[in-house]
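Novice: So that we are looking at the same thing, I have put the structure below in structure tokens.
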Amino acid sequence: MQLRIPGPTPCPEEVLQAQSKQMINHRGKEFRELNRKVTEQLKRCFQTKGDVLILTGSGTAGMEAAVVNTLSPGDTVLAVSIGAFGDRFADIAQRYGADVKKLSFEWGLRADPDRIRQALREAPAIKAVLVTHNETSTGVTNDLASISKAVKEFDKLLLVDGVSSIGSIDLPVDEWQCDVAVTGSQKGWMCPPGLAMVSMNQRAWQAYDKAKMPRFYLDLGKARKFLEEKGETPWTPAVSTFYALSVALDMVERETLPKIFARHARTARAARDGIKSLGLSLFPQEDCASNTVTAINGPHGVDLKKLLQILREEHGVVLSGGQGKLDGKIFRIGHLGWVTEADMAEVTLALKKALPHAGA
Ligand SMILES: *Cc1c(COP(=O)(O)O)cnc(C)c1O
């Protein structure tokens, strides 16, 4: 099977092998060394000198951690949404009692930094801006550098969902002043699900000291204390996913980040060129199309459920449908992590064979 969804993503054999190792004491020397090694490697991938904390949970746990560790109930936040994951970030903040001002953009487009400026000008009470770097539901990458510039002109806290971008699309956390940035092991990291990785800078820790939202499992201050004092995590970590992540990060370091970003750019271009060669069209505006997921308009007359079924059952290619309001309207190719242009050629070929049998 070729798993071409935007997470979980396929894992290299050596990563899978690492996962099958025997358990170790998570309060012992071996785990402490592993945790410290992986944390240092992640800091290099996040391009940060701040802290990176590893939580056991999926990417959403990281998003929730970003919110509850920096904000208090009643705080005003600006949630910039360009799709389903932007909506999720807003929902989390709302559920914990933030006063959420939502700035939504048409799905398929990126956020306009000038409209963010305008919103910040109109509501000086805003304390933090929540934004998705790469919106997996629509296949759009935001211009985070420009968004950050706008947010920092107003000196606001910037919380970034980089779940489907960090490690695959350039996101220099320190340079772009992302106070908190989040990713998850099953996206670009060539690893199974199980871990959320969250960076926190000085500014975020200052917010942490005043933040009153309830938190227990996801308390990043506690995570930092355990890491600094003992090299441990407060609660039992997903030990096997740590094994996997360690091997995967060694692979990342061997390939190097610039080459990984370039490979994702080439792979995404191959995906876009491939679908266009079949007469299909991109869902997002092309100049903001993502390098980790390609969203494609369902062609006229094609039953997308049937198309995905034929691809899966007859060609061994697993693609994703649309999320939320895009269900039945688009389908998506995930191309993050352990993926190349050649993989996209295979997806294109499978699509070419399957489309006529799905009504095209
Ligand atoms: C996958 C993803 C998440 C988190 O999803 P989980 O299922 O909780 O790991 C959040 N944001 C984006 C942009 C994602 O792609």
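Letters for chains follow the order of the structure tokens (A, B, ...), residue numbers begin at 1 for each chain, and ligand numbers begin at 1 in the order shown.
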List as number ranges by chain the protein and nucleic acid residues lying within 10 Å of ligand 1, with only C-alpha atoms and all ligand atoms counted.

Specialist: A: 6-8, 57-64, 83-89, 131-141, 160-165, 182-188, 193-196, 292-293, 334

Novice: Which residues in segment 66-130 of chain A does DSSP call alpha helix (DSSP H)? List them as a list in words.

Specialist: Ala66, Val67, Val68, Ala84, Phe85, Gly86, Asp87, Arg88, Phe89, Ala90, Asp91, Ile92, Ala93, Gln94, Arg95, Pro113, Asp114, Arg115, Ile116, Arg117, Gln118, Ala119, Leu120, Arg121 and Glu122 of chain A

Novice: Mind dumping the selected residues with N, CA, C and O atoms as a short mmCIF file (atom, residue, chain, number, x, y, z; two decimals), in the first residue's frame?

Specialist:
data_model
loop_
_atom_site.label_atom_id
_atom_site.label_comp_id
_atom_site.auth_asym_id
_atom_site.auth_seq_id
_atom_site.Cartn_x
_atom_site.Cartn_y
_atom_site.Cartn_z
N ALA A 66 -0.34 24.86 23.57
CA ALA A 66 0.02 26.24 23.20
C ALA A 66 -0.96 27.22 23.82
O ALA A 66 -0.57 28.27 24.35
N VAL A 67 -2.23 26.87 23.78
CA VAL A 67 -3.28 27.76 24.30
C VAL A 67 -3.25 27.82 25.83
O VAL A 67 -3.15 28.90 26.42
N VAL A 68 -3.32 26.67 26.48
CA VAL A 68 -3.52 26.68 27.94
C VAL A 68 -2.28 27.12 28.70
O VAL A 68 -2.38 27.51 29.87
N ALA A 84 -9.98 24.03 8.16
CA ALA A 84 -10.48 23.24 9.29
C ALA A 84 -9.54 23.27 10.50
O ALA A 84 -10.00 23.27 11.65
N PHE A 85 -8.22 23.31 10.26
CA PHE A 85 -7.31 23.31 11.41
C PHE A 85 -7.24 24.68 12.07
O PHE A 85 -7.05 24.78 13.28
N GLY A 86 -7.42 25.73 11.29
CA GLY A 86 -7.53 27.07 11.87
C GLY A 86 -8.77 27.17 12.74
O GLY A 86 -8.76 27.75 13.82
N ASP A 87 -9.86 26.56 12.26
CA ASP A 87 -11.10 26.53 13.05
C ASP A 87 -10.88 25.76 14.35
O ASP A 87 -11.37 26.15 15.41
N ARG A 88 -10.11 24.67 14.26
CA ARG A 88 -9.87 23.86 15.46
C ARG A 88 -9.09 24.66 16.51
O ARG A 88 -9.41 24.62 17.69
N PHE A 89 -8.09 25.40 16.07
CA PHE A 89 -7.28 26.22 16.99
C PHE A 89 -8.20 27.23 17.71
O PHE A 89 -8.12 27.41 18.93
N ALA A 90 -9.09 27.85 16.94
CA ALA A 90 -10.04 28.81 17.51
C ALA A 90 -10.96 28.12 18.52
O ALA A 90 -11.22 28.64 19.61
N ASP A 91 -11.43 26.92 18.18
CA ASP A 91 -12.34 26.18 19.06
C ASP A 91 -11.68 25.84 20.39
O ASP A 91 -12.31 25.91 21.45
N ILE A 92 -10.41 25.46 20.33
CA ILE A 92 -9.69 25.11 21.57
C ILE A 92 -9.66 26.33 22.49
O ILE A 92 -9.98 26.25 23.68
N ALA A 93 -9.26 27.48 21.93
CA ALA A 93 -9.15 28.70 22.73
C ALA A 93 -10.51 29.07 23.33
O ALA A 93 -10.63 29.45 24.50
N GLN A 94 -11.55 28.92 22.50
CA GLN A 94 -12.90 29.25 22.95
C GLN A 94 -13.32 28.34 24.10
O GLN A 94 -13.87 28.79 25.10
N ARG A 95 -13.05 27.05 23.95
CA ARG A 95 -13.46 26.07 24.96
C ARG A 95 -12.82 26.37 26.31
O ARG A 95 -13.39 26.11 27.36
N PRO A 113 -1.98 39.44 5.47
CA PRO A 113 -1.38 40.09 6.64
C PRO A 113 -1.96 41.48 6.92
O PRO A 113 -2.05 41.89 8.08
N ASP A 114 -2.38 42.19 5.88
CA ASP A 114 -2.94 43.52 6.10
C ASP A 114 -4.28 43.46 6.83
O ASP A 114 -4.62 44.35 7.61
N ARG A 115 -5.04 42.41 6.57
CA ARG A 115 -6.32 42.27 7.30
C ARG A 115 -6.05 41.88 8.75
O ARG A 115 -6.84 42.19 9.64
N ILE A 116 -4.94 41.19 8.98
CA ILE A 116 -4.55 40.88 10.37
C ILE A 116 -4.17 42.18 11.08
O ILE A 116 -4.60 42.45 12.20
N ARG A 117 -3.38 43.01 10.39
CA ARG A 117 -3.03 44.34 10.93
C ARG A 117 -4.27 45.13 11.30
O ARG A 117 -4.37 45.70 12.38
N GLN A 118 -5.22 45.13 10.38
CA GLN A 118 -6.46 45.89 10.59
C GLN A 118 -7.20 45.37 11.82
O GLN A 118 -7.65 46.15 12.66
N ALA A 119 -7.29 44.05 11.95
CA ALA A 119 -7.98 43.45 13.10
C ALA A 119 -7.26 43.81 14.40
O ALA A 119 -7.90 44.09 15.42
N LEU A 120 -5.94 43.84 14.35
CA LEU A 120 -5.17 44.16 15.56
C LEU A 120 -5.32 45.64 15.93
O LEU A 120 -5.34 46.01 17.10
N ARG A 121 -5.45 46.46 14.90
CA ARG A 121 -5.65 47.89 15.13
C ARG A 121 -7.01 48.15 15.76
O ARG A 121 -7.15 48.95 16.68
N GLU A 122 -8.01 47.41 15.29
CA GLU A 122 -9.39 47.62 15.76
C GLU A 122 -9.63 47.08 17.16
O GLU A 122 -10.54 47.53 17.84
#

Novice: Segment 69-119 of chain A: which residues are strand (DSSP E) by DSSP, as a PyMOL selection string?

Specialist: chain A and resi 76-81+99-104

Novice: Which one of A:Met344, A:Leu245, A:Leu304, A:Val317 sits closest to Gly359 of chain A if you count only C-alpha atoms?

Specialist: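 Once distances to Gly359 of chain A are computed over only C-alpha atoms, the minimum belongs to A:Leu304.
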
Novice: Dump as a Markdown table the rows for residues of segment 49-142 of chain A within 12 Å of segment 221-226 of chain A: closest atom pair and distance in Å with one decimal, only C-alpha atoms counted, ordered by chain and rising residue number.

Specialist:
| residue | atom | partner | partner_atom | distance |
| --- | --- | --- | --- | --- |
| A:Gly50 | CA | A:Arg224 | CA | 11.2 |
| A:Asp51 | CA | A:Arg224 | CA | 7.9 |
| A:Val52 | CA | A:Arg224 | CA | 8.5 |
| A:Leu53 | CA | A:Ala223 | CA | 6.6 |
| A:Ile54 | CA | A:Ala223 | CA | 8.1 |
| A:Leu55 | CA | A:Ala223 | CA | 8.1 |
| A:Thr56 | CA | A:Ala223 | CA | 11.0 |
| A:Ala65 | CA | A:Gly221 | CA | 10.6 |
| A:Ala66 | CA | A:Gly221 | CA | 11.7 |
| A:Val68 | CA | A:Gly221 | CA | 11.2 |
| A:Asn69 | CA | A:Gly221 | CA | 8.1 |
| A:Thr70 | CA | A:Gly221 | CA | 10.6 |

Novice: Store the residues of this selection in a file with C-alpha atoms, as an mmCIF file, in the first residue's frame.

Specialist:
data_model
loop_
_atom_site.group_PDB
_atom_site.id
_atom_site.type_symbol
_atom_site.label_atom_id
_atom_site.label_comp_id
_atom_site.auth_asym_id
_atom_site.auth_seq_id
_atom_site.Cartn_x
_atom_site.Cartn_y
_atom_site.Cartn_z
ATOM 1 C CA GLY A 50 14.324 28.314 22.864
ATOM 2 C CA ASP A 51 12.872 25.236 24.521
ATOM 3 C CA VAL A 52 11.280 22.278 22.774
ATOM 4 C CA LEU A 53 9.088 20.029 24.876
ATOM 5 C CA ILE A 54 7.907 16.624 23.738
ATOM 6 C CA LEU A 55 4.420 15.613 24.825
ATOM 7 C CA THR A 56 2.789 12.247 24.441
ATOM 8 C CA ALA A 65 -0.789 23.045 25.136
ATOM 9 C CA ALA A 66 0.024 26.235 23.201
ATOM 10 C CA VAL A 68 -3.516 26.676 27.944
ATOM 11 C CA ASN A 69 0.096 27.483 28.761
ATOM 12 C CA THR A 70 0.043 31.083 27.556
#

Novice: Just checking: using only C-alpha atoms, which residue out of A:Cys45, A:Leu71, A:Ala244, A:Glu253 ends up closest to Arg215 of chain A?

Specialist: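 Counting only C-alpha atoms, the residue closest to Arg215 of chain A is A:Leu71.
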